[in-house]
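Note sheet for the following structure.
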Amino acid sequence: MKTIYLIFFAAYLTAEVFPQACCSAGTPILGSLETSTTQKNSLQLSFSYDFNLLQSVYEGSIKLDDNLRERITHSSLFEFSYGFTDKFTFTSLFTFANQRRTVTSISGSKNLISSFGVGDAVVLFKYELISQTLLDQNQLAVGVGPKIPLGQSDKTANGILLPADIQPGSGSWDIIFWAFYSHGFMPSIPLNFFVTSSYKINSENKRFANSEAGYKFGNEFVSTIGVGYRTDLFFDASLSFRFRTTTNDKFDNENVPNTGGYWLYLIPGINMKIIDQLTLRLAAQVPLYRYLKGTQLTTTYSVSGSFFYNFSL
């Protein structure tokens with residue numbers, strides 16, 4: 001029976017859905033964990049909105065002539081970081097997802113499914129190994145913490161369970177490893193080089209489909225490398241590259257078709273200082289290269305806006 005269920009489940013994913021190439025259960029969690037540690041007794045609050053449009057269908061690295069599928073994801077992310085000491089920072093991330101997917105048949109009829117709700121959360125413990133000073137402008141920090149399945153993973157539409165990738169939550173406890181490095185060139189050049197990397201090891205959602213056969217999103221690695229340029233004006237600019245890769249999703253310990261792959265994005269951004277403690281960041285994510293396993297609907301472009309507020313306690 002498990003084999004028969006898996007065959008029908010795989011066929012449903014292949015023929016109807018084309019899993020998304022955005023992130024597990026909607027929100028871009030790893031791509032949001034890019035801020036470094038916080039100073040002692042300082043609190044940083046941030047709110048981010050991310051709009052992700054998926055209209056491109058790829059098989060391997062080849063773009064297919066397919067305009068029958070579209071997916072739009074609106075993500076809201078709230079992050080809190082507090083510096084307990086000069087070395088130790090506690091970070092928590094909470095998410096909310098609103099997703100809509102439309103499949104148009106050859107006859108022109110549309111099949112729309114959507115979901116919205118609280119997504120999963122992250123608790124991250126960061127430790128600064130090397131502190132940046134005027135004489136030594138290197139900073140290195142590492143972190144680890146769990147991804148907590150706060151989001152619902154059993155939403156239905158007309159009594160039918162929604163696919164795992166469109167659920168607000170993943171339904172699984174996962175572990176995240178995080179690292180951050182930066183190097184400054186002041187006062188010679190108002191330039192800062194930075195690298196952020198995150199790796200998420202996923203576990204199974206054993207409750208999915210009311211079956212003993214658990215659903216497991218593929219493990220995910222994200223790394224962003226870039227530079228930031230400081231101006232004498234009220235805004236700063238940045239340019240970075242983001243590499244992302246995921247392994248195949250699994251259902252009942254079998255690979256799910258049309259999941260997993262490699263992505264490379266270009267991310268231009270601008271930071272605007274509204275007041276001393278408040279900064280607005282605007283960024284876009286432009287795909288440069290993707291190699292997807294099987295046939296998948298993937299990101300055409302995404303844009304985001306974030307507010308950062310820092311104050312000392």
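Each chain of the structure tokens is named A, B, ... in the order shown, its residues numbered from 1; ligands are numbered from 1 in display order.
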
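DSSP annotation of segment 136-281 of chain A from backbone atoms: helix (DSSP H, G or I) residues are Ala164, Asp165, Ile166, Phe208, Ala209 and Asn210 of chain A.
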
If we count only C-alpha atoms, what is near Phe94 of chain A at a cut-off of 8 Å, once residues fewer than 3 positions away on the same chain are taken out, given as number ranges by chain?
A: 77-79, 119-122

Would you write out, as JSON lines, a table of all residues in segment 181-279 of chain A that have an atom no more than 12 Å from an atom of segment 52-73 of chain A, listing for each the closest atom pair and the distance in Å to one decimal, considering only C-alpha atoms and ordering rows by chain and rising residue number?
{"residue": "A:Pro257", "atom": "CA", "partner": "A:Glu59", "partner_atom": "CA", "distance": 11.9}
{"residue": "A:Asn258", "atom": "CA", "partner": "A:Glu59", "partner_atom": "CA", "distance": 8.8}
{"residue": "A:Thr259", "atom": "CA", "partner": "A:Glu59", "partner_atom": "CA", "distance": 11.0}
{"residue": "A:Gly260", "atom": "CA", "partner": "A:Gly60", "partner_atom": "CA", "distance": 10.4}
{"residue": "A:Gly261", "atom": "CA", "partner": "A:Gly60", "partner_atom": "CA", "distance": 8.3}
{"residue": "A:Tyr262", "atom": "CA", "partner": "A:Ser61", "partner_atom": "CA", "distance": 9.4}
{"residue": "A:Trp263", "atom": "CA", "partner": "A:Ser61", "partner_atom": "CA", "distance": 9.9}
{"residue": "A:Leu264", "atom": "CA", "partner": "A:Ser61", "partner_atom": "CA", "distance": 11.7}

Tell me, in Å to one decimal, how far atom CA of Thr247 of chain A is from atom CA of Asn202 of chain A.
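Separation between atom CA of Thr247 of chain A and atom CA of Asn202 of chain A: 10.4 Å.
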
Could you produce a table of the residues of segment 35-69 of chain A lying within 12 Å of segment 130-137 of chain A, with the nearest pair of atoms per residue and their separation in Å rounded to one decimal, using only C-alpha atoms, ordered by chain and increasing residue number, as a tab-separated table?
residue	atom	partner	partner_atom	distance
A:Ser36	CA	A:Ser131	CA	11.0
A:Thr37	CA	A:Ser131	CA	9.8
A:Thr38	CA	A:Ser131	CA	11.2
A:Gln39	CA	A:Ser131	CA	10.5

From a DSSP pass on the backbone, collect the residues of segment 152-247 of chain A flagged as strand (DSSP E) and hand them back as a count of residues only.
50

What is the atom CA of Thr300 of chain A to atom CA of Leu162 of chain A distance in Å?
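Interatomic distance, atom CA of Thr300 of chain A to atom CA of Leu162 of chain A: 23.2 Å.
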
Quick one: residues within 7 Å of Arg242 of chain A, only C-alpha atoms, excluding same-chain residues fewer than 3 positions away - as a PyMOL selection string?
chain A and resi 223-225+264-266

For the residues in the current selection, export C-alpha atoms as a PDB file, in the first residue's frame.
ATOM      1  CA  SER A 223      25.785  31.200   0.787  1.00  0.00           C
ATOM      2  CA  THR A 224      25.900  34.922  -0.003  1.00  0.00           C
ATOM      3  CA  ILE A 225      29.124  36.687  -1.028  1.00  0.00           C
ATOM      4  CA  LEU A 264      22.750  31.359  -8.513  1.00  0.00           C
ATOM      5  CA  TYR A 265      21.329  34.857  -8.001  1.00  0.00           C
ATOM      6  CA  LEU A 266      22.568  38.434  -8.325  1.00  0.00           C
TER       7      LEU A 266
END

Between A:Lys40, A:Lys126, A:Arg230, A:Lys87, single out the one closest to Gly184 of chain A, counting only C-alpha atoms.
A:Arg230

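Taking atom CA of Leu45 of chain A and atom CA of Phe116 of chain A as the two end points, the separation is 23.6 Å.
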
What lies within 7 Å of segment 88-90 of chain A using only C-alpha atoms, ignoring chain neighbours under 5 positions off, as JSON, numbers by chain?
{"A": [37, 38, 81, 82, 83, 124, 125, 126, 127, 128]}

Find the spatial neighbours of Thr35 of chain A, counting only C-alpha atoms, within a cut-off of 12 Å - ignore same-chain residues fewer than 4 positions away - and output them as a PyMOL selection string.
chain A and resi 30-31+44-46+79-82+89-93+124+126+141-143+178-182+194-198+224+306+308

Given the choices A:Val256, A:Leu292, A:Lys273, A:Phe96, which gets closest to Arg244 of chain A if the distance is worked out from only C-alpha atoms?
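The answer is A:Leu292, which sits nearest to Arg244 of chain A.
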
Which residues come within 6 Å of Gly218 of chain A, counting only C-alpha atoms, excluding same-chain residues fewer than 5 positions away, as a PDB file with C-alpha atoms, in the first residue's frame?
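So the final result, stored in out28.pdb, reads:
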ATOM      1  CA  THR A 246      18.899  21.625  -2.062  1.00  0.00           C
ATOM      2  CA  THR A 247      18.799  17.850  -2.138  1.00  0.00           C
ATOM      3  CA  ASN A 248      15.709  15.917  -3.244  1.00  0.00           C
ATOM      4  CA  ASP A 249      12.653  15.946  -1.029  1.00  0.00           C
TER       5      ASP A 249
END
